[in-house]
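Below: the structure, in structure tokens.
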Amino acid sequence: MHKPAIAAALLTVSSLTGVFLSVGNPSWGNQVAPSPLLIAQSSNRRGYQPPPTSRAPRRTVGGGTRGGCDGTAPINLTALAPQAHIGATAATRPTLVWYVPDETPYPMQLQLYRYAASEGDELTPVNTFNLGDSQPGYQSFTLPDDEPALAAGGTYRWKVILQCNPGRPSQVALDEADLQVVAATDRVAVGQGSLVDRAEQAIAAGLWYDAIALLSQTPVSTEAAAYRRDLLAGLAEQEALNPNDGISLFSDRLSYLSEQE
């Protein structure tokens with residue numbers, strides 16, 4: 001889909017919805033039952049394939065305002081993580097990456113939750129991180145060393161939030177995703193080499209979060225940026241098959257990002 005068509009589709013959704021979502025009430029969709037994640041090496045080191053034991057997240061569409069906080073951005077605030085299945089990480093202090101479409105800075109926050117049980121949708125809050133004012137483009141956050149590490153084998157939900165109107169907390173732009181920390185016995189070591197080499201190894205091991213974090217380390221090289229675009233384009237093709245994609249337009253957002261230099 002060409003960029004003008006993507007922008008037009010997203011602005012059409014904006015005019016039809018004009019929705020603000022409350023940050024305080026998590027919203028879920030399909031069943032998730034976290035289980036040990038068995039990672040297998042892939043013959044295609046550059047192309048991402050969901051791990052064979054990955055599960056569908058318990059989520060509906062991430063939202064808030066469409067077209068960013070002011071409604072004019074070409075795409076929504078976007079978490080760079082799978083939506084049709086739970087993305088994996090081997091890191092107990094993972095790095096989370098998202099894309100901010102707004103040129104105007106807004107107070108930014110990241111909320112982290114843990115699923116309270118292997119079955120059911122109950123979430124336990126882990127922490128809320130105030131990240132200061134947003135900047136346009138790719139942004140990232142790494143769980144600090146002074147915070148408790150995530151549990152190996154655990155499944156978590158994270159939300160990135162822009163406070164579009166600090167005086168009205170319900171008016172936000174947000175996106176959210178699930179992640180699963182690979183159990184220690186199932187981890188595949190990511191070896192030496194350049195950031196791109198290591199990202200290829202992470203992708204071969206099914207570790208989406210680890211690969212996208214490596215490719216987003218600043219300054220981002222031309223090779224890393226190109227590989228990140230390739231991964232986003234490939235994920236867009238997978239997400240287009242998700243029945244919820246017609247509402248979230250997530251695949252269109254990924255396609256848009258994959259076309260940016």
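In the structure tokens, each chain is lettered A, B, ... as it comes, each chain's residues begin at 1, and ligands are numbered from 1 in order of appearance.
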Problem - Residues of range 42-200 of chain A in alpha helix (DSSP H), written as JSON, numbers by chain - result: {"A": [195, 196, 197, 198, 199, 200]}
List as JSON lines every residue of range 85-190 of chain A that is in contact with range 227-244 of chain A, defined as an atom at most 12 Å from one of its atoms (using only C-alpha atoms), together with the nearest atom pair and the distance in Å rounded to one decimal, sorted by chain and then rising number.
```
{"residue": "A:His85", "atom": "CA", "partner": "A:Glu239", "partner_atom": "CA", "distance": 9.2}
{"residue": "A:Gly87", "atom": "CA", "partner": "A:Leu235", "partner_atom": "CA", "distance": 11.3}
{"residue": "A:Val97", "atom": "CA", "partner": "A:Arg228", "partner_atom": "CA", "distance": 11.6}
{"residue": "A:Trp98", "atom": "CA", "partner": "A:Leu232", "partner_atom": "CA", "distance": 11.9}
{"residue": "A:Tyr99", "atom": "CA", "partner": "A:Leu232", "partner_atom": "CA", "distance": 11.9}
{"residue": "A:Tyr138", "atom": "CA", "partner": "A:Arg228", "partner_atom": "CA", "distance": 11.3}
```
Deliver the residues from the most recent selection as a file, using all heavy atoms, as a PDB file, in the first residue's frame.
```pdb
ATOM      1  N   HIS A  85       0.539 -12.710  17.678  1.00  0.00           N
ATOM      2  CA  HIS A  85       1.094 -13.719  18.567  1.00  0.00           C
ATOM      3  C   HIS A  85       1.983 -13.012  19.576  1.00  0.00           C
ATOM      4  O   HIS A  85       2.278 -11.820  19.443  1.00  0.00           O
ATOM      5  CB  HIS A  85       1.888 -14.778  17.795  1.00  0.00           C
ATOM      6  CG  HIS A  85       3.136 -14.240  17.156  1.00  0.00           C
ATOM      7  ND1 HIS A  85       3.121 -13.606  15.930  1.00  0.00           N
ATOM      8  CD2 HIS A  85       4.444 -14.218  17.560  1.00  0.00           C
ATOM      9  CE1 HIS A  85       4.339 -13.212  15.613  1.00  0.00           C
ATOM     10  NE2 HIS A  85       5.163 -13.576  16.582  1.00  0.00           N
ATOM     11  N   GLY A  87       5.366 -12.058  21.133  1.00  0.00           N
ATOM     12  CA  GLY A  87       6.771 -12.008  20.800  1.00  0.00           C
ATOM     13  C   GLY A  87       7.627 -12.465  21.971  1.00  0.00           C
ATOM     14  O   GLY A  87       7.243 -12.336  23.134  1.00  0.00           O
ATOM     15  N   VAL A  97      10.692  -1.212  22.023  1.00  0.00           N
ATOM     16  CA  VAL A  97      10.851  -0.194  20.980  1.00  0.00           C
ATOM     17  C   VAL A  97       9.489   0.165  20.420  1.00  0.00           C
ATOM     18  O   VAL A  97       8.640  -0.707  20.221  1.00  0.00           O
ATOM     19  CB  VAL A  97      11.776  -0.697  19.843  1.00  0.00           C
ATOM     20  CG1 VAL A  97      12.021   0.402  18.813  1.00  0.00           C
ATOM     21  CG2 VAL A  97      13.107  -1.198  20.404  1.00  0.00           C
ATOM     22  N   TRP A  98       9.284   1.446  20.150  1.00  0.00           N
ATOM     23  CA  TRP A  98       8.037   1.915  19.550  1.00  0.00           C
ATOM     24  C   TRP A  98       8.315   3.099  18.643  1.00  0.00           C
ATOM     25  O   TRP A  98       9.440   3.625  18.619  1.00  0.00           O
ATOM     26  CB  TRP A  98       7.012   2.282  20.624  1.00  0.00           C
ATOM     27  CG  TRP A  98       7.449   3.388  21.556  1.00  0.00           C
ATOM     28  CD1 TRP A  98       7.222   4.728  21.436  1.00  0.00           C
ATOM     29  CD2 TRP A  98       8.209   3.223  22.769  1.00  0.00           C
ATOM     30  NE1 TRP A  98       7.785   5.415  22.480  1.00  0.00           N
ATOM     31  CE2 TRP A  98       8.396   4.518  23.325  1.00  0.00           C
ATOM     32  CE3 TRP A  98       8.733   2.124  23.441  1.00  0.00           C
ATOM     33  CZ2 TRP A  98       9.088   4.747  24.508  1.00  0.00           C
ATOM     34  CZ3 TRP A  98       9.436   2.351  24.623  1.00  0.00           C
ATOM     35  CH2 TRP A  98       9.604   3.637  25.144  1.00  0.00           C
ATOM     36  N   TYR A  99       7.302   3.521  17.911  1.00  0.00           N
ATOM     37  CA  TYR A  99       7.439   4.644  16.973  1.00  0.00           C
ATOM     38  C   TYR A  99       6.440   5.728  17.345  1.00  0.00           C
ATOM     39  O   TYR A  99       5.243   5.463  17.478  1.00  0.00           O
ATOM     40  CB  TYR A  99       7.196   4.191  15.530  1.00  0.00           C
ATOM     41  CG  TYR A  99       7.418   5.291  14.515  1.00  0.00           C
ATOM     42  CD1 TYR A  99       8.692   5.553  14.008  1.00  0.00           C
ATOM     43  CD2 TYR A  99       6.357   6.075  14.067  1.00  0.00           C
ATOM     44  CE1 TYR A  99       8.902   6.571  13.085  1.00  0.00           C
ATOM     45  CE2 TYR A  99       6.561   7.092  13.144  1.00  0.00           C
ATOM     46  CZ  TYR A  99       7.835   7.328  12.661  1.00  0.00           C
ATOM     47  OH  TYR A  99       8.039   8.338  11.756  1.00  0.00           O
ATOM     48  N   TYR A 138      11.651   6.647  16.230  1.00  0.00           N
ATOM     49  CA  TYR A 138      11.823   5.430  17.025  1.00  0.00           C
ATOM     50  C   TYR A 138      12.303   5.785  18.429  1.00  0.00           C
ATOM     51  O   TYR A 138      13.237   6.564  18.608  1.00  0.00           O
ATOM     52  CB  TYR A 138      12.822   4.491  16.358  1.00  0.00           C
ATOM     53  CG  TYR A 138      12.334   3.919  15.054  1.00  0.00           C
ATOM     54  CD1 TYR A 138      12.687   4.513  13.839  1.00  0.00           C
ATOM     55  CD2 TYR A 138      11.511   2.794  15.029  1.00  0.00           C
ATOM     56  CE1 TYR A 138      12.226   3.995  12.629  1.00  0.00           C
ATOM     57  CE2 TYR A 138      11.053   2.260  13.831  1.00  0.00           C
ATOM     58  CZ  TYR A 138      11.407   2.874  12.639  1.00  0.00           C
ATOM     59  OH  TYR A 138      10.945   2.364  11.454  1.00  0.00           O
TER      60      TYR A 138
END
```
Practice task
Could you check how far CA of Ala204 in chain A sits from CA of Pro101 in chain A, in Å to one decimal?
Solution key: 29.8 Å
